[in-house]
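Written out below as structure tokens is the structure these notes cover.
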Amino acid sequence: MSSVKTIIILFVVLLVNGMAKASMEGTVKIHAHFVAYPKATIDKLQAEDITKPLDLKALAELLKQGKGRILASPSMVATSNIESELKDQLDHRLHQDLDIRTGQDTTPSVIIAQDFEDYGEGLSLTIKPKISDDGKMVHISFLSTLMEKPELVKHNSGSLPTLNGDRLDYYYYQPTVKHFDFKSSAVLKDGETVLLSGGATTSGDEQIYIFLTCSILSTETQSSDK
């Protein structure tokens, strides 16, 4: 009898070990709105009831009232378990330093821009979705970098001599770039929209929130032998 039990146990073990592992594959559509709100507006809204977190409905209403601005609205189709990247950027080449050369007898003082660096105005988004085994949920991990159009801020940096011996105040424009980096993950139901808090902009005067929506377009059960 014991030998029969042993055979049955061995048969079950072999059967389990030989069974194929199943995983859910497919494609999803991801849509996101990156919205910036004035920090003063967010602080006022939170002060109305500090016991409740800000929700999607309240922030959507602020946007309808014109109290927020949409920074980007990317949309992409991605495959489950595969990292996808989206870039929508306009490159700007801006100087980082200035070389000030004092005038000689026949040459006026000049300011020469140097150490250039490229800035990509717009959005860079990396997303990796994973459809749950039952095909009803999606786990999303993503990394985003959002850069606004560079602004040239005027600075007064003293004076330089001219050919006639006078001194002339000089100004230069230094590029200032507002950027936003955000890394997070979320679990969404098919067709669900969630609200993510991305923190403040580099200037500190705005608060960014992300409205993230995910829809499952197709699913397919893949199996692989152990």
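Chain labels follow the order of the structure tokens: the first chain is A, the next B, and so on; residue numbering restarts at 1 in every chain, and ligands are counted from 1 in their shown order.
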Give me, as a CSV table (one decimal) with N, CA and C atoms, in the first residue's frame, all polymer residues having an atom no more than 10 Å from His33 of chain A, counting only C-alpha atoms and skipping those fewer than 5 positions away in the same chain.
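Printed below is selection-v3.csv as written:
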chain,number,residue,atom,x,y,z
A,70,ILE,N,-2.4,72.7,-18.4
A,70,ILE,CA,-2.0,71.4,-18.8
A,70,ILE,C,-0.6,71.6,-19.4
A,71,LEU,N,0.4,70.9,-18.9
A,71,LEU,CA,1.8,70.9,-19.4
A,71,LEU,C,2.0,70.0,-20.5
A,72,ALA,N,1.4,68.8,-20.4
A,72,ALA,CA,1.5,67.8,-21.5
A,72,ALA,C,0.4,66.8,-21.3
A,73,SER,N,0.0,66.2,-22.4
A,73,SER,CA,-1.0,65.1,-22.4
A,73,SER,C,-0.6,64.0,-23.3
A,74,PRO,N,0.4,63.2,-22.9
A,74,PRO,CA,0.9,62.1,-23.8
A,74,PRO,C,0.0,60.9,-23.8
A,75,SER,N,0.0,60.2,-24.9
A,75,SER,CA,-0.8,59.0,-25.0
A,75,SER,C,0.0,58.0,-25.8
A,195,LEU,N,-5.2,59.6,-9.6
A,195,LEU,CA,-4.5,60.9,-9.5
A,195,LEU,C,-3.2,60.7,-8.7
A,209,TYR,N,0.3,67.7,-10.7
A,209,TYR,CA,-0.5,66.5,-10.5
A,209,TYR,C,-0.6,65.8,-11.8
A,210,ILE,N,-0.7,64.4,-11.8
A,210,ILE,CA,-0.8,63.6,-13.0
A,210,ILE,C,-2.1,62.8,-13.0
A,211,PHE,N,-2.9,63.0,-14.0
A,211,PHE,CA,-4.2,62.2,-14.2
A,211,PHE,C,-3.8,61.1,-15.1
A,212,LEU,N,-3.8,59.9,-14.6
A,212,LEU,CA,-3.3,58.7,-15.3
A,212,LEU,C,-4.5,57.8,-15.6
A,213,THR,N,-4.7,57.4,-16.9
A,213,THR,CA,-5.7,56.5,-17.3
A,213,THR,C,-5.1,55.4,-18.1
Using DSSP assignments from the backbone, pull out every residue in segment 177-211 of chain A that falls under strand (DSSP E or B) and give it to me as a list in words.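 The strand (DSSP E or B) subset of segment 177-211 of chain A is His179, Phe180, Asp181, Phe182, Lys183, Ser184, Ser185, Ala186, Val187, Leu188, Lys189, Thr193, Val194, Leu195, Leu196, Ser197, Gly198, Gly199, Ala200, Glu206, Gln207, Ile208, Tyr209, Ile210 and Phe211 of chain A.
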Rounded to one decimal in Å, what is the spacing between atom CA of Gln174 of chain A and atom CA of Asp118 of chain A? 14.1 Å
Which residue is closest to Thr221 of chain A? Choose from A:Pro175, A:Gly120, A:Gly26, A:Pro129 and count only C-alpha atoms. A:Gly26
Restricting the calculation to only C-alpha atoms: of A:Lys29, A:Lys39, A:Lys87, A:Lys130, which residue gets closest to Leu143 of chain A?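 Using only C-alpha atoms, Leu143 of chain A sits closest to A:Lys87.
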Residues near Ala200 of chain A, anyone? I mean within 10 Å using only C-alpha atoms, not counting same-chain ones fewer than 2 positions away, as a PDB file with N, CA and C atoms, in the first residue's frame.
ATOM      1  N   ALA A  36      -0.326  71.617 -13.927  1.00  0.00           N
ATOM      2  CA  ALA A  36       0.303  72.462 -12.906  1.00  0.00           C
ATOM      3  C   ALA A  36      -0.733  73.411 -12.320  1.00  0.00           C
ATOM      4  N   TYR A  37      -0.782  73.457 -11.008  1.00  0.00           N
ATOM      5  CA  TYR A  37      -1.696  74.359 -10.295  1.00  0.00           C
ATOM      6  C   TYR A  37      -0.868  75.343  -9.468  1.00  0.00           C
ATOM      7  N   PRO A  38      -1.336  76.593  -9.336  1.00  0.00           N
ATOM      8  CA  PRO A  38      -0.647  77.530  -8.440  1.00  0.00           C
ATOM      9  C   PRO A  38      -0.614  76.975  -7.027  1.00  0.00           C
ATOM     10  N   LYS A  39       0.533  77.042  -6.400  1.00  0.00           N
ATOM     11  CA  LYS A  39       0.664  76.487  -5.057  1.00  0.00           C
ATOM     12  C   LYS A  39      -0.308  77.147  -4.081  1.00  0.00           C
ATOM     13  N   HIS A 179      12.092  72.437 -14.766  1.00  0.00           N
ATOM     14  CA  HIS A 179      11.951  71.030 -15.127  1.00  0.00           C
ATOM     15  C   HIS A 179      11.301  70.259 -13.978  1.00  0.00           C
ATOM     16  N   PHE A 180      10.797  69.103 -14.327  1.00  0.00           N
ATOM     17  CA  PHE A 180      10.039  68.283 -13.383  1.00  0.00           C
ATOM     18  C   PHE A 180      10.375  66.822 -13.641  1.00  0.00           C
ATOM     19  N   ASP A 181      10.874  66.137 -12.624  1.00  0.00           N
ATOM     20  CA  ASP A 181      11.209  64.719 -12.727  1.00  0.00           C
ATOM     21  C   ASP A 181      10.320  63.925 -11.773  1.00  0.00           C
ATOM     22  N   SER A 197       0.340  62.602  -7.249  1.00  0.00           N
ATOM     23  CA  SER A 197       0.952  63.875  -6.892  1.00  0.00           C
ATOM     24  C   SER A 197       2.424  63.840  -7.268  1.00  0.00           C
ATOM     25  N   GLY A 198       2.819  64.782  -8.121  1.00  0.00           N
ATOM     26  CA  GLY A 198       4.194  64.789  -8.603  1.00  0.00           C
ATOM     27  C   GLY A 198       5.094  65.765  -7.895  1.00  0.00           C
ATOM     28  N   THR A 202      10.441  73.214 -10.090  1.00  0.00           N
ATOM     29  CA  THR A 202      11.724  73.673  -9.558  1.00  0.00           C
ATOM     30  C   THR A 202      11.637  75.102  -9.030  1.00  0.00           C
ATOM     31  N   SER A 203      10.721  75.897  -9.559  1.00  0.00           N
ATOM     32  CA  SER A 203      10.561  77.268  -9.071  1.00  0.00           C
ATOM     33  C   SER A 203       9.815  77.305  -7.741  1.00  0.00           C
ATOM     34  N   GLY A 204       9.065  76.230  -7.439  1.00  0.00           N
ATOM     35  CA  GLY A 204       8.357  76.140  -6.168  1.00  0.00           C
ATOM     36  C   GLY A 204       7.027  76.848  -6.108  1.00  0.00           C
ATOM     37  N   ASP A 205       6.630  77.517  -7.189  1.00  0.00           N
ATOM     38  CA  ASP A 205       5.383  78.277  -7.166  1.00  0.00           C
ATOM     39  C   ASP A 205       4.201  77.504  -7.733  1.00  0.00           C
ATOM     40  N   GLU A 206       4.443  76.286  -8.215  1.00  0.00           N
ATOM     41  CA  GLU A 206       3.372  75.469  -8.771  1.00  0.00           C
ATOM     42  C   GLU A 206       3.484  74.034  -8.253  1.00  0.00           C
ATOM     43  N   GLN A 207       2.319  73.393  -8.191  1.00  0.00           N
ATOM     44  CA  GLN A 207       2.239  71.998  -7.782  1.00  0.00           C
ATOM     45  C   GLN A 207       1.736  71.186  -8.967  1.00  0.00           C
ATOM     46  N   ILE A 208       2.404  70.092  -9.261  1.00  0.00           N
ATOM     47  CA  ILE A 208       2.049  69.281 -10.423  1.00  0.00           C
ATOM     48  C   ILE A 208       1.338  68.002  -9.988  1.00  0.00           C
ATOM     49  N   TYR A 209       0.255  67.698 -10.694  1.00  0.00           N
ATOM     50  CA  TYR A 209      -0.481  66.451 -10.486  1.00  0.00           C
ATOM     51  C   TYR A 209      -0.625  65.752 -11.832  1.00  0.00           C
TER      52      TYR A 209
END
With only C-alpha atoms as the atoms that count, which of A:Gly68, A:Tyr119, A:Ser159, A:Ser144 lies nearest to Thr176 of chain A?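 Selected residue with least distance to Thr176 of chain A: A:Tyr119.
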Report, in Å to a single decimal, how far apart atom CA of Ile140 of chain A and atom CA of Arg69 of chain A are.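 Computed distance, atom CA of Arg69 of chain A to atom CA of Ile140 of chain A, equals 24.7 Å.
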Using only C-alpha atoms, which residues sit within 6 Å of Ser215 of chain A once same-chain residues fewer than 2 positions away are excluded, as a PDB file with C-alpha atoms, in the first residue's frame?
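Result went into around-v2.pdb, see below:
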ATOM      1  CA  VAL A  28      -2.619  48.603 -23.000  1.00  0.00           C
ATOM      2  CA  LYS A  29      -3.336  52.223 -23.876  1.00  0.00           C
ATOM      3  CA  ASP A 190      -9.131  48.510 -16.725  1.00  0.00           C
ATOM      4  CA  GLY A 191     -10.377  51.974 -17.767  1.00  0.00           C
TER       5      GLY A 191
END
Between A:Phe34, A:Ser23, A:Met76, A:Asp91, which one has atoms that come closest to Leu63 of chain A, using only C-alpha atoms?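 Smallest distance to Leu63 of chain A is found for A:Phe34.
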Which value, in Å to one decimal, gives the distance between atom CA of Ile131 of chain A and atom CA of Ala32 of chain A? 18.1 Å
9 Å contact set for Gln89 of chain A, only C-alpha atoms, chain neighbours under 5 positions out, as a PyMOL selection string: chain A and resi 119-124+147
